[in-house]
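Before any comments, here is the structure.
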Amino acid sequence: MQQAGLILANRAYLDHESPRWADSPSSAGNGGLLAAVRPVIAPWDGRSGTTWIGAGLGRFDREWTDDRGFELIETPRGPLRHRRLYFGSSTWHGHYAEVSNSFLWPLFHLVRHDLPARTGYYPVPSTPGGPDWRSFVAVNTAFAEAAAEEREAPGAGSTTTSSPWSRTS
């Protein structure tokens with residue numbers, strides 16, 4: 001089985017909805033992407049393994065990460081090096097709600113099937129305005145830059161297995 005080195009996803013592996021001091025563990029999501037990549041996550045050993053880069057959308061995510069957005073998350077396959085990218089609410093809304101979900105998702109799903117004819121609900125693609133496109137570009141640029149940093153120096157100056165930011169899911 002091939003192992004994943006770098007995962008870029010809008011969603012984080014998990015969102016922290018409780019502060020660090022609370023006795024309520026965060027749990028991993030259960031969406032399609034996570035189900036698909038969970039078997040190929042390679043444990044992080046301090047130099048190599050899987051790094052997941054996702055948006056920091058949990059209410060308490062910043063409490064769990066270092067100043068660059070990194071943390072180690074214990075998974076059933078071992079530690080996952082996780083980096084969160086943080087965005088303002090209007091930037092994220094423009095990127096995700098207005099461009100990704102309201103324009104691109106319906107547009108791409110019309111390519112293979114006439115979904116409006118097959119389903120009772122199907123969003124009509126709506127053309128995003130300038131501010132939303134700028135948000136979309138800003139978010140995707142941040143993800144591309146984070147991926148490029150990993151390519152240039154994976155693991156440099158970030159979380160290792162001895163980090164105080166570790167968390168069990």
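As shown in the structure tokens, the chain order sets the letters A, B, ...; within each chain, residues go from 1, and ligands are also counted from 1 in the order they appear.
By only C-alpha atoms, and with residues fewer than 6 positions from segment 29-40 of chain A along its chain excluded, the set lying at most 12 Å from it is Met1, Gln2, Gln3, Ala4, Gly5, Leu6, Ile7, Leu8, Ala9, Asn10, Arg11, Ala12, Tyr13, Leu14, Asp15, His16, Gly49, Thr50, Thr51, Trp52, Gly54, Gly58, Thr75, Pro76, Arg77, Gly78, Leu80 and Ser169 of chain A.
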Can you write out the residues you just picked, keeping C-alpha atoms, as a PDB file, in the first residue's frame?
ATOM      1  CA  MET A   1       0.000   0.000   0.000  1.00  0.00           C
ATOM      2  CA  GLN A   2       1.375   3.395  -0.954  1.00  0.00           C
ATOM      3  CA  GLN A   3       1.687   5.961   1.831  1.00  0.00           C
ATOM      4  CA  ALA A   4       0.691   9.608   1.565  1.00  0.00           C
ATOM      5  CA  GLY A   5       3.393  12.215   2.113  1.00  0.00           C
ATOM      6  CA  LEU A   6       1.366  15.410   1.810  1.00  0.00           C
ATOM      7  CA  ILE A   7      -2.386  15.925   1.964  1.00  0.00           C
ATOM      8  CA  LEU A   8      -3.919  19.297   1.105  1.00  0.00           C
ATOM      9  CA  ALA A   9      -7.581  19.615   2.015  1.00  0.00           C
ATOM     10  CA  ASN A  10     -10.052  22.373   2.792  1.00  0.00           C
ATOM     11  CA  ARG A  11     -10.959  20.460   5.915  1.00  0.00           C
ATOM     12  CA  ALA A  12      -8.579  19.686   8.732  1.00  0.00           C
ATOM     13  CA  TYR A  13      -8.134  16.105   9.981  1.00  0.00           C
ATOM     14  CA  LEU A  14     -10.102  17.287  13.001  1.00  0.00           C
ATOM     15  CA  ASP A  15     -11.404  20.571  14.408  1.00  0.00           C
ATOM     16  CA  HIS A  16     -10.800  21.488  18.035  1.00  0.00           C
ATOM     17  CA  GLY A  49       5.652  10.650   7.321  1.00  0.00           C
ATOM     18  CA  THR A  50       2.380  12.257   6.370  1.00  0.00           C
ATOM     19  CA  THR A  51       1.715  15.968   6.718  1.00  0.00           C
ATOM     20  CA  TRP A  52      -1.892  17.140   6.415  1.00  0.00           C
ATOM     21  CA  GLY A  54      -6.031  22.038   6.129  1.00  0.00           C
ATOM     22  CA  GLY A  58     -12.337  24.859  14.885  1.00  0.00           C
ATOM     23  CA  THR A  75      -4.297   8.673  14.868  1.00  0.00           C
ATOM     24  CA  PRO A  76      -4.937   4.925  14.718  1.00  0.00           C
ATOM     25  CA  ARG A  77      -1.960   4.718  12.310  1.00  0.00           C
ATOM     26  CA  GLY A  78       0.387   6.783  14.498  1.00  0.00           C
ATOM     27  CA  LEU A  80       0.011  12.767  11.985  1.00  0.00           C
ATOM     28  CA  SER A 169      -8.094  11.792  18.592  1.00  0.00           C
TER      29      SER A 169
END
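Within segment 39-157 of chain A, DSSP run on the backbone puts these residues in strand (DSSP E or B): Ile41, Thr51, Trp52, Ile53, Gly54, Ala55, Phe70, Glu71, Leu72, Ile73, Glu74, Thr75, Gly78, Pro79, Leu80, Arg81, His82, Arg83, Arg84 and Leu85 of chain A.
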Okay, now the selection with C-alpha atoms, as an mmCIF file, in the first residue's frame?
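Written output follows (part_38.cif):
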data_model
loop_
_atom_site.group_PDB
_atom_site.id
_atom_site.type_symbol
_atom_site.label_atom_id
_atom_site.label_comp_id
_atom_site.auth_asym_id
_atom_site.auth_seq_id
_atom_site.Cartn_x
_atom_site.Cartn_y
_atom_site.Cartn_z
ATOM 1 C CA ILE A 41 -1.411 8.013 6.450
ATOM 2 C CA THR A 51 1.715 15.968 6.718
ATOM 3 C CA TRP A 52 -1.892 17.140 6.415
ATOM 4 C CA ILE A 53 -2.481 20.802 5.577
ATOM 5 C CA GLY A 54 -6.031 22.038 6.129
ATOM 6 C CA ALA A 55 -7.955 25.128 7.143
ATOM 7 C CA PHE A 70 1.485 22.912 13.419
ATOM 8 C CA GLU A 71 0.485 20.167 15.832
ATOM 9 C CA LEU A 72 0.871 16.409 16.105
ATOM 10 C CA ILE A 73 -2.343 14.432 16.220
ATOM 11 C CA GLU A 74 -2.405 10.824 17.356
ATOM 12 C CA THR A 75 -4.297 8.673 14.868
ATOM 13 C CA GLY A 78 0.387 6.783 14.498
ATOM 14 C CA PRO A 79 1.213 10.494 14.773
ATOM 15 C CA LEU A 80 0.011 12.767 11.985
ATOM 16 C CA ARG A 81 1.860 16.028 11.409
ATOM 17 C CA HIS A 82 -0.900 18.559 10.908
ATOM 18 C CA ARG A 83 -0.705 22.165 9.789
ATOM 19 C CA ARG A 84 -3.625 24.545 9.909
ATOM 20 C CA LEU A 85 -3.911 27.590 7.718
#
*Expressed in Å to a single decimal, how great is the separation between atom CA of Val99 of chain A and atom CA of Trp133 of chain A?*
6.9 Å
*Where does DSSP see alpha helix (DSSP H) in chain A, if you list the residues as a PyMOL selection string?*
chain A and resi 32-37+61-64+89-92+105-109+115-118+130-152
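Between Phe136 of chain A and the candidates A:Arg47, A:His95, A:Arg59, A:Arg118, the tightest atom-to-atom separation, counting only C-alpha atoms, involves A:His95.
Atom CA of Asp132 of chain A is positioned 8.0 Å from atom CA of His93 of chain A.
Nearest residue to Arg20 of chain A, choosing from A:Thr65, A:Gly88, A:Gly130, A:Ser102 and counting only C-alpha atoms: A:Thr65.
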_Neighbouring residues of segment 123-129 of chain A were defined as those with any atom within 12 Å, considering only C-alpha atoms; residues of the same chain fewer than 2 positions away were excluded. Please report them as a count of residues only._
31
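Atom CA of Phe87 of chain A to atom CA of Ser27 of chain A spans 22.1 Å [interatomic distance, one decimal].
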